[in-house]
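Colleague: So here's input-v4.pdb (PDB, C-alpha atoms, pLDDT in the B column).
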```pdb
ATOM      1  CA  MET A   1       6.440  -2.088 -31.186  1.00 38.00           C
ATOM      2  CA  THR A   2       4.587  -1.757 -27.875  1.00 45.00           C
ATOM      3  CA  VAL A   3       3.095   1.483 -26.602  1.00 48.00           C
ATOM      4  CA  ALA A   4       5.812   1.700 -23.908  1.00 48.00           C
ATOM      5  CA  GLU A   5       8.556   1.422 -26.559  1.00 56.00           C
ATOM      6  CA  SER A   6       7.004   4.198 -28.609  1.00 88.00           C
ATOM      7  CA  LEU A   7       6.916   6.729 -25.763  1.00 95.00           C
ATOM      8  CA  PRO A   8       9.849   9.048 -25.136  1.00 97.00           C
ATOM      9  CA  ALA A   9      12.052   7.831 -22.257  1.00 96.00           C
ATOM     10  CA  ASP A  10      11.252  10.799 -19.983  1.00 97.00           C
ATOM     11  CA  VAL A  11       7.509  10.271 -20.436  1.00 97.00           C
ATOM     12  CA  GLN A  12       7.871   6.530 -19.776  1.00 97.00           C
ATOM     13  CA  GLU A  13       9.892   7.318 -16.639  1.00 97.00           C
ATOM     14  CA  LEU A  14       7.060   9.490 -15.313  1.00 98.00           C
ATOM     15  CA  LEU A  15       4.493   6.802 -16.160  1.00 98.00           C
ATOM     16  CA  ASN A  16       6.623   4.236 -14.318  1.00 98.00           C
ATOM     17  CA  ALA A  17       6.809   6.572 -11.303  1.00 98.00           C
ATOM     18  CA  LEU A  18       3.013   7.008 -11.312  1.00 98.00           C
ATOM     19  CA  ASP A  19       2.633   3.213 -11.521  1.00 98.00           C
ATOM     20  CA  GLU A  20       5.036   2.800  -8.590  1.00 98.00           C
ATOM     21  CA  ASN A  21       3.129   5.369  -6.528  1.00 98.00           C
ATOM     22  CA  ASP A  22      -0.086   3.536  -7.384  1.00 98.00           C
ATOM     23  CA  ARG A  23       1.418   0.218  -6.253  1.00 98.00           C
ATOM     24  CA  ARG A  24       2.734   1.770  -3.024  1.00 98.00           C
ATOM     25  CA  ALA A  25      -0.671   3.281  -2.212  1.00 98.00           C
ATOM     26  CA  GLY A  26      -2.373  -0.063  -2.778  1.00 98.00           C
ATOM     27  CA  ASP A  27       0.148  -1.922  -0.614  1.00 98.00           C
ATOM     28  CA  LEU A  28      -0.190   0.690   2.109  1.00 98.00           C
ATOM     29  CA  VAL A  29      -3.971   0.437   2.477  1.00 98.00           C
ATOM     30  CA  ARG A  30      -4.655  -3.172   1.466  1.00 97.00           C
ATOM     31  CA  ASP A  31      -5.126  -4.511   5.016  1.00 96.00           C
ATOM     32  CA  LEU A  32      -6.768  -1.421   6.535  1.00 98.00           C
ATOM     33  CA  ASP A  33     -10.352  -0.986   7.640  1.00 97.00           C
ATOM     34  CA  ASP A  34     -11.875   2.517   7.780  1.00 97.00           C
ATOM     35  CA  GLU A  35     -10.937   2.987  11.432  1.00 97.00           C
ATOM     36  CA  ARG A  36      -7.226   2.284  10.868  1.00 98.00           C
ATOM     37  CA  PHE A  37      -7.300   4.191   7.558  1.00 98.00           C
ATOM     38  CA  ASN A  38      -8.461   7.297   9.480  1.00 98.00           C
ATOM     39  CA  TRP A  39      -6.257   6.851  12.586  1.00 98.00           C
ATOM     40  CA  ARG A  40      -4.100   9.879  13.448  1.00 97.00           C
ATOM     41  CA  PRO A  41      -1.036   9.830  15.707  1.00 95.00           C
ATOM     42  CA  ASP A  42      -2.087  13.193  17.194  1.00 95.00           C
ATOM     43  CA  GLU A  43      -4.328  16.131  16.327  1.00 93.00           C
ATOM     44  CA  ARG A  44      -1.615  17.947  14.340  1.00 92.00           C
ATOM     45  CA  SER A  45      -0.810  14.918  12.163  1.00 95.00           C
ATOM     46  CA  TRP A  46      -2.695  13.519   9.200  1.00 96.00           C
ATOM     47  CA  SER A  47      -4.103  10.029   8.894  1.00 98.00           C
ATOM     48  CA  ILE A  48      -3.371   7.770   5.933  1.00 98.00           C
ATOM     49  CA  ALA A  49      -6.827   8.748   4.647  1.00 98.00           C
ATOM     50  CA  GLN A  50      -5.940  12.433   4.840  1.00 97.00           C
ATOM     51  CA  CYS A  51      -2.605  11.943   3.071  1.00 97.00           C
ATOM     52  CA  LEU A  52      -4.320  10.182   0.164  1.00 98.00           C
ATOM     53  CA  ASP A  53      -7.319  12.526   0.109  1.00 97.00           C
ATOM     54  CA  HIS A  54      -4.908  15.476  -0.020  1.00 96.00           C
ATOM     55  CA  LEU A  55      -3.218  13.924  -3.051  1.00 98.00           C
ATOM     56  CA  ASN A  56      -6.565  13.269  -4.713  1.00 97.00           C
ATOM     57  CA  VAL A  57      -7.765  16.827  -4.232  1.00 96.00           C
ATOM     58  CA  GLY A  58      -4.392  18.239  -5.265  1.00 96.00           C
ATOM     59  CA  ASN A  59      -4.205  16.144  -8.428  1.00 97.00           C
ATOM     60  CA  ARG A  60      -7.795  16.957  -9.348  1.00 96.00           C
ATOM     61  CA  VAL A  61      -7.077  20.689  -9.075  1.00 95.00           C
ATOM     62  CA  TYR A  62      -3.638  20.488 -10.746  1.00 95.00           C
ATOM     63  CA  LEU A  63      -4.707  18.428 -13.760  1.00 97.00           C
ATOM     64  CA  VAL A  64      -7.321  20.981 -14.908  1.00 97.00           C
ATOM     65  CA  PRO A  65      -4.932  23.797 -15.960  1.00 97.00           C
ATOM     66  CA  MET A  66      -2.440  21.245 -17.282  1.00 98.00           C
ATOM     67  CA  ARG A  67      -5.120  19.724 -19.539  1.00 97.00           C
ATOM     68  CA  GLU A  68      -6.179  23.207 -20.712  1.00 97.00           C
ATOM     69  CA  ALA A  69      -2.557  24.122 -21.527  1.00 97.00           C
ATOM     70  CA  LEU A  70      -2.110  20.888 -23.483  1.00 97.00           C
ATOM     71  CA  THR A  71      -5.302  21.546 -25.457  1.00 97.00           C
ATOM     72  CA  ARG A  72      -3.952  24.981 -26.430  1.00 96.00           C
ATOM     73  CA  ALA A  73      -0.562  23.456 -27.337  1.00 96.00           C
ATOM     74  CA  ARG A  74      -2.238  20.832 -29.521  1.00 95.00           C
ATOM     75  CA  GLN A  75      -4.243  23.553 -31.314  1.00 95.00           C
ATOM     76  CA  LYS A  76      -1.041  25.530 -31.930  1.00 93.00           C
ATOM     77  CA  GLY A  77       0.838  22.459 -33.140  1.00 92.00           C
ATOM     78  CA  ALA A  78       3.463  22.669 -30.367  1.00 92.00           C
ATOM     79  CA  VAL A  79       5.321  19.424 -31.107  1.00 95.00           C
ATOM     80  CA  ARG A  80       7.909  17.823 -28.862  1.00 95.00           C
ATOM     81  CA  ARG A  81      11.387  19.328 -29.094  1.00 92.00           C
ATOM     82  CA  GLY A  82      13.169  17.187 -26.554  1.00 93.00           C
ATOM     83  CA  PRO A  83      12.991  15.669 -23.084  1.00 96.00           C
ATOM     84  CA  ILE A  84      11.427  17.430 -20.114  1.00 97.00           C
ATOM     85  CA  ARG A  85      13.873  19.943 -18.667  1.00 96.00           C
ATOM     86  CA  PRO A  86      12.542  22.048 -15.794  1.00 95.00           C
ATOM     87  CA  GLY A  87      14.082  25.443 -15.223  1.00 94.00           C
ATOM     88  CA  PRO A  88      16.035  26.182 -12.040  1.00 95.00           C
ATOM     89  CA  PHE A  89      12.936  27.098 -10.006  1.00 94.00           C
ATOM     90  CA  GLY A  90      11.023  24.052 -11.246  1.00 94.00           C
ATOM     91  CA  ARG A  91      13.933  21.741 -10.348  1.00 96.00           C
ATOM     92  CA  TRP A  92      14.150  23.322  -6.888  1.00 94.00           C
ATOM     93  CA  PHE A  93      10.394  23.044  -6.365  1.00 93.00           C
ATOM     94  CA  VAL A  94      10.266  19.366  -7.384  1.00 95.00           C
ATOM     95  CA  ALA A  95      13.323  18.540  -5.253  1.00 94.00           C
ATOM     96  CA  ASN A  96      11.712  20.163  -2.216  1.00 93.00           C
ATOM     97  CA  LEU A  97       8.655  17.943  -2.572  1.00 93.00           C
ATOM     98  CA  GLU A  98      10.667  14.705  -2.440  1.00 94.00           C
ATOM     99  CA  PRO A  99      10.626  12.726   0.805  1.00 95.00           C
ATOM    100  CA  PRO A 100      11.742  12.957   3.425  1.00 91.00           C
ATOM    101  CA  PRO A 101      10.509  16.555   3.680  1.00 87.00           C
ATOM    102  CA  LYS A 102      13.212  19.134   4.199  1.00 82.00           C
ATOM    103  CA  ARG A 103      10.644  21.526   5.660  1.00 78.00           C
ATOM    104  CA  ARG A 104       7.073  21.236   6.761  1.00 79.00           C
ATOM    105  CA  LEU A 105       4.667  23.028   4.452  1.00 74.00           C
ATOM    106  CA  SER A 106       1.062  23.933   5.122  1.00 80.00           C
ATOM    107  CA  ALA A 107      -1.380  22.622   2.541  1.00 81.00           C
ATOM    108  CA  PRO A 108      -3.054  25.348   0.487  1.00 79.00           C
ATOM    109  CA  LYS A 109      -6.677  25.820   1.577  1.00 81.00           C
ATOM    110  CA  LYS A 110      -7.899  24.413  -1.745  1.00 81.00           C
ATOM    111  CA  ILE A 111      -6.399  21.014  -0.940  1.00 83.00           C
ATOM    112  CA  VAL A 112      -6.798  20.564   2.797  1.00 83.00           C
ATOM    113  CA  PRO A 113      -8.080  16.995   3.204  1.00 90.00           C
ATOM    114  CA  ALA A 114     -11.352  15.982   4.806  1.00 86.00           C
ATOM    115  CA  ALA A 115     -11.190  15.109   8.503  1.00 91.00           C
ATOM    116  CA  GLN A 116     -12.393  11.570   7.743  1.00 94.00           C
ATOM    117  CA  LYS A 117     -13.258   9.573   4.640  1.00 96.00           C
ATOM    118  CA  GLY A 118     -13.931   5.948   3.901  1.00 97.00           C
ATOM    119  CA  LYS A 119     -11.203   3.857   2.334  1.00 98.00           C
ATOM    120  CA  ALA A 120     -13.372   2.723  -0.598  1.00 98.00           C
ATOM    121  CA  GLU A 121     -14.254   6.311  -1.566  1.00 98.00           C
ATOM    122  CA  VAL A 122     -10.666   7.595  -1.302  1.00 98.00           C
ATOM    123  CA  MET A 123      -9.149   4.665  -3.175  1.00 98.00           C
ATOM    124  CA  GLU A 124     -11.769   4.797  -5.931  1.00 98.00           C
ATOM    125  CA  GLU A 125     -10.924   8.450  -6.508  1.00 98.00           C
ATOM    126  CA  TRP A 126      -7.198   7.667  -6.251  1.00 98.00           C
ATOM    127  CA  SER A 127      -7.499   5.045  -9.017  1.00 98.00           C
ATOM    128  CA  ARG A 128      -9.559   7.348 -11.225  1.00 98.00           C
ATOM    129  CA  LEU A 129      -7.159  10.285 -10.862  1.00 98.00           C
ATOM    130  CA  GLN A 130      -4.053   8.138 -11.359  1.00 98.00           C
ATOM    131  CA  ALA A 131      -5.574   6.779 -14.581  1.00 98.00           C
ATOM    132  CA  GLU A 132      -6.481  10.327 -15.646  1.00 98.00           C
ATOM    133  CA  ALA A 133      -2.927  11.590 -15.021  1.00 98.00           C
ATOM    134  CA  LYS A 134      -1.401   8.645 -16.907  1.00 98.00           C
ATOM    135  CA  ASP A 135      -3.792   9.075 -19.852  1.00 98.00           C
ATOM    136  CA  LEU A 136      -3.077  12.798 -20.011  1.00 98.00           C
ATOM    137  CA  LEU A 137       0.663  12.147 -19.955  1.00 98.00           C
ATOM    138  CA  ARG A 138       0.425   9.547 -22.732  1.00 97.00           C
ATOM    139  CA  GLU A 139      -1.710  11.916 -24.826  1.00 96.00           C
ATOM    140  CA  ALA A 140       0.823  14.697 -24.291  1.00 96.00           C
ATOM    141  CA  ALA A 141       3.920  12.634 -25.108  1.00 96.00           C
ATOM    142  CA  GLU A 142       4.405  14.165 -28.554  1.00 95.00           C
ATOM    143  CA  LEU A 143       3.755  17.761 -27.473  1.00 97.00           C
ATOM    144  CA  ASP A 144       6.305  20.300 -26.296  1.00 96.00           C
ATOM    145  CA  LEU A 145       6.116  19.718 -22.539  1.00 96.00           C
ATOM    146  CA  ASN A 146       8.784  22.348 -21.850  1.00 96.00           C
ATOM    147  CA  ARG A 147       7.260  25.366 -23.559  1.00 94.00           C
ATOM    148  CA  THR A 148       3.649  24.484 -22.814  1.00 96.00           C
ATOM    149  CA  ARG A 149       3.018  26.337 -19.571  1.00 96.00           C
ATOM    150  CA  PHE A 150       0.186  26.632 -17.082  1.00 96.00           C
ATOM    151  CA  VAL A 151      -0.563  28.855 -14.115  1.00 94.00           C
ATOM    152  CA  ASN A 152      -0.057  27.021 -10.828  1.00 91.00           C
ATOM    153  CA  PRO A 153      -3.584  26.749  -9.354  1.00 92.00           C
ATOM    154  CA  PHE A 154      -2.255  27.255  -5.817  1.00 88.00           C
ATOM    155  CA  ILE A 155       0.205  30.102  -6.381  1.00 85.00           C
ATOM    156  CA  SER A 156      -1.028  32.163  -9.320  1.00 87.00           C
ATOM    157  CA  LEU A 157       2.269  34.030  -9.716  1.00 89.00           C
ATOM    158  CA  ILE A 158       3.997  30.769 -10.644  1.00 90.00           C
ATOM    159  CA  ARG A 159       3.881  29.304 -14.130  1.00 94.00           C
ATOM    160  CA  PHE A 160       5.300  25.851 -14.719  1.00 95.00           C
ATOM    161  CA  SER A 161       5.869  23.864 -17.867  1.00 96.00           C
ATOM    162  CA  VAL A 162       3.478  20.951 -18.148  1.00 97.00           C
ATOM    163  CA  GLY A 163       6.499  18.632 -17.973  1.00 97.00           C
ATOM    164  CA  THR A 164       7.425  20.147 -14.618  1.00 97.00           C
ATOM    165  CA  GLY A 165       3.774  19.830 -13.573  1.00 97.00           C
ATOM    166  CA  PHE A 166       3.913  16.063 -14.100  1.00 98.00           C
ATOM    167  CA  GLN A 167       7.147  15.914 -12.092  1.00 98.00           C
ATOM    168  CA  VAL A 168       5.450  17.895  -9.308  1.00 97.00           C
ATOM    169  CA  ILE A 169       2.565  15.403  -9.213  1.00 98.00           C
ATOM    170  CA  VAL A 170       4.925  12.418  -8.968  1.00 98.00           C
ATOM    171  CA  SER A 171       7.113  14.002  -6.260  1.00 97.00           C
ATOM    172  CA  HIS A 172       4.131  15.279  -4.282  1.00 96.00           C
ATOM    173  CA  GLU A 173       2.648  11.782  -4.304  1.00 98.00           C
ATOM    174  CA  ARG A 174       5.934  10.262  -3.110  1.00 98.00           C
ATOM    175  CA  ARG A 175       6.113  12.805  -0.284  1.00 97.00           C
ATOM    176  CA  HIS A 176       2.667  12.016   1.095  1.00 97.00           C
ATOM    177  CA  LEU A 177       2.917   8.266   0.510  1.00 98.00           C
ATOM    178  CA  TRP A 178       6.096   8.431   2.614  1.00 98.00           C
ATOM    179  CA  GLN A 179       4.152  10.397   5.235  1.00 97.00           C
ATOM    180  CA  ALA A 180       1.316   7.835   5.178  1.00 98.00           C
ATOM    181  CA  ALA A 181       3.797   4.954   5.550  1.00 98.00           C
ATOM    182  CA  ARG A 182       5.209   6.666   8.638  1.00 97.00           C
ATOM    183  CA  VAL A 183       1.696   6.827  10.131  1.00 98.00           C
ATOM    184  CA  LYS A 184       1.293   3.092   9.586  1.00 97.00           C
ATOM    185  CA  ALA A 185       4.750   2.420  11.078  1.00 97.00           C
ATOM    186  CA  ASN A 186       3.906   4.416  14.224  1.00 97.00           C
ATOM    187  CA  PRO A 187       4.220   2.104  17.271  1.00 96.00           C
ATOM    188  CA  GLN A 188       0.748   3.214  18.419  1.00 96.00           C
ATOM    189  CA  PHE A 189      -0.923   2.400  15.107  1.00 97.00           C
ATOM    190  CA  PRO A 190      -3.924   0.202  15.964  1.00 95.00           C
ATOM    191  CA  ALA A 191      -3.384  -3.516  15.536  1.00 88.00           C
ATOM    192  CA  ARG A 192      -5.864  -5.490  13.510  1.00 78.00           C
TER     193      ARG A 192
END
```
How does the structure come out when it is put into structure tokens?

Modeller:
Amino acid sequence: MTVAESLPADVQELLNALDENDRRAGDLVRDLDDERFNWRPDERSWSIAQCLDHLNVGNRVYLVPMREALTRARQKGAVRRGPIRPGPFGRWFVANLEPPPKRRLSAPKKIVPAAQKGKAEVMEEWSRLQAEAKDLLREAAELDLNRTRFVNPFISLIRFSVGTGFQVIVSHERRHLWQAARVKANPQFPAR
């Protein structure tokens, strides 16, 4: 039996979504130099670099309390009881992150992207954080991802299940990869 066959279907689905987001990010930036990577349609809009840097910073911050919650769950022996099932608020939150955006949201101060960054630096961090998220998800596959909760690092009044946290990461990535693709599709995007 392969590793993929041994993982629960909901966990494998999230891993597949992270892989797809990884592939989309790579395809999006493959032919870009730093100048095009940092090009912005206007001063209120983000560049492709900023979209990806925002995701990197967000994932870095989000994975910390999720990892801590999973460590506590492992110590308590909180074994898996079934597939990931977000509550009503979690489902609403995840759905509102999916592209195309239903409303424009301001990024929390903790995860406002840098004004400019080099492609190599951003993509190296992207690859590292994607691998970290996938490893954490694989390690957590046999834990109770519904009852294991963490405090949202951006809105401390909100507690999500770790399962919902992984869904948030995937949806948030899709949202900003969609945004970055729109930057590249802009008719004024610099030609090579």

Colleague: Which is closest to Arg24 in chain A among A:Pro86, A:Ile155, A:Asp135, A:Trp126, if we use all atoms listed in the file?

Modeller: A:Trp126

Colleague: Taking the file as I've supplied it (selection: the PyMOL selection byres ((chain A and resi 89-98) around 6)), which residues are included? Please answer as a PyMOL selection string.

Modeller: chain A and resi 86-88+99+168+171-172+175

Colleague: With C-alpha atoms retained, write the just-selected residues as a PDB file, in the coordinates of the input.

Modeller:
```
ATOM      1  CA  PRO A  86      12.542  22.048 -15.794  1.00 95.00           C
ATOM      2  CA  GLY A  87      14.082  25.443 -15.223  1.00 94.00           C
ATOM      3  CA  PRO A  88      16.035  26.182 -12.040  1.00 95.00           C
ATOM      4  CA  PRO A  99      10.626  12.726   0.805  1.00 95.00           C
ATOM      5  CA  VAL A 168       5.450  17.895  -9.308  1.00 97.00           C
ATOM      6  CA  SER A 171       7.113  14.002  -6.260  1.00 97.00           C
ATOM      7  CA  HIS A 172       4.131  15.279  -4.282  1.00 96.00           C
ATOM      8  CA  ARG A 175       6.113  12.805  -0.284  1.00 97.00           C
TER       9      ARG A 175
END
```

Colleague: Under the rule that all atoms listed in the file are counted, which of A:Ala78, A:Val57, A:Leu28, A:Leu143 is the nearest residue to Lys109 in chain A?

Modeller: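 Closest to Lys109 in chain A of all the choices is A:Val57.
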
Colleague: Can you pull out the residues contacting range 114-124 of chain A? Cut-off 12 Å, using only C-alpha atoms, and skip same-chain residues under 3 positions away; I want them as a PyMOL selection string.

Modeller: chain A and resi 22-23+25-40+43-57+109-111+127-131

Colleague: Return the single residue from A:Ala140, A:Ala17, A:Pro108, A:Val11 that is closest to Val61 in chain A, with distances computed using all atoms listed in the file.

Modeller: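 Going through A:Ala140, A:Ala17, A:Pro108, A:Val11 one by one, the smallest distance to Val61 in chain A is for A:Pro108.
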
Colleague: Find the residues with any atom within 7 Å of (11.7, 17.2, -19.4); use all atoms listed in the file and the coordinates as given in the file, and write the answer as a list in words.

Modeller: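 Neighbouring residues, ordered by chain and number, come to Asp10, Pro83, Ile84, Arg85, Pro86, Leu145, Asn146 and Gly163 of chain A.
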
Colleague: Of the residues A:Val112, A:Ala181, A:Val79, A:Leu63, which is the one nearest to Glu132 in chain A, using all atoms listed in the file?

Modeller: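 When distances to Glu132 in chain A are compared using all atoms listed in the file, the smallest one comes from A:Leu63.
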
Colleague: Using 5 Å of padding on each side, determine the axis-aligned box around all atoms of range 166-177 of chain A present in the file and give its centre and edge lengths in Å to one decimal, as lines of an AutoDock Vina configuration file.

Modeller:
```
center_x = 4.9
center_y = 13.1
center_z = -6.5
size_x = 14.6
size_y = 19.6
size_z = 25.2
```

Colleague: Report, in Å with one decimal, the straight-line distance from CA of Ala141 in chain A to CA of Trp178 in chain A.

Modeller: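 So the two atoms, CA of Ala141 in chain A and CA of Trp178 in chain A, lie 28.1 Å apart.
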
Colleague: Of the candidates A:Ile169, A:Val183, A:Val162, A:Leu157, which shows the shortest atom-to-atom distance to Asn59 in chain A, using only C-alpha atoms?

Modeller: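 Ranking A:Ile169, A:Val183, A:Val162, A:Leu157 by distance to Asn59 in chain A, first place goes to A:Ile169.
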
Colleague: Taking (2.7, 27.1, -13.7) in the file's own coordinates, collect the residues within 10 Å, counting all atoms listed in the file, and hand them back as a PDB file with C-alpha atoms, keeping the file's coordinate frame.

Modeller:
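Done, and the output landed in part-v2.pdb:
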```pdb
ATOM      1  CA  TYR A  62      -3.638  20.488 -10.746  1.00 95.00           C
ATOM      2  CA  PRO A  65      -4.932  23.797 -15.960  1.00 97.00           C
ATOM      3  CA  MET A  66      -2.440  21.245 -17.282  1.00 98.00           C
ATOM      4  CA  ALA A  69      -2.557  24.122 -21.527  1.00 97.00           C
ATOM      5  CA  GLY A  90      11.023  24.052 -11.246  1.00 94.00           C
ATOM      6  CA  THR A 148       3.649  24.484 -22.814  1.00 96.00           C
ATOM      7  CA  ARG A 149       3.018  26.337 -19.571  1.00 96.00           C
ATOM      8  CA  PHE A 150       0.186  26.632 -17.082  1.00 96.00           C
ATOM      9  CA  VAL A 151      -0.563  28.855 -14.115  1.00 94.00           C
ATOM     10  CA  ASN A 152      -0.057  27.021 -10.828  1.00 91.00           C
ATOM     11  CA  PRO A 153      -3.584  26.749  -9.354  1.00 92.00           C
ATOM     12  CA  PHE A 154      -2.255  27.255  -5.817  1.00 88.00           C
ATOM     13  CA  ILE A 155       0.205  30.102  -6.381  1.00 85.00           C
ATOM     14  CA  SER A 156      -1.028  32.163  -9.320  1.00 87.00           C
ATOM     15  CA  LEU A 157       2.269  34.030  -9.716  1.00 89.00           C
ATOM     16  CA  ILE A 158       3.997  30.769 -10.644  1.00 90.00           C
ATOM     17  CA  ARG A 159       3.881  29.304 -14.130  1.00 94.00           C
ATOM     18  CA  PHE A 160       5.300  25.851 -14.719  1.00 95.00           C
ATOM     19  CA  SER A 161       5.869  23.864 -17.867  1.00 96.00           C
ATOM     20  CA  VAL A 162       3.478  20.951 -18.148  1.00 97.00           C
ATOM     21  CA  THR A 164       7.425  20.147 -14.618  1.00 97.00           C
ATOM     22  CA  GLY A 165       3.774  19.830 -13.573  1.00 97.00           C
TER      23      GLY A 165
END
```

Colleague: Could you tell me how far CA of Pro100 in chain A sits from CA of Ala180 in chain A, in Å to one decimal place?

Modeller: 11.7 Å

Colleague: Rounded to one decimal place, report the CA of Asp144 in chain A-CA of Arg81 in chain A distance in Å.

Modeller: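 Pair CA of Asp144 in chain A / CA of Arg81 in chain A returns 5.9 Å.
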
Colleague: A:Leu137, A:Lys102, A:Leu7, A:Pro41: which is nearest Phe189 in chain A, counting all atoms listed in the file?

Modeller: A:Pro41
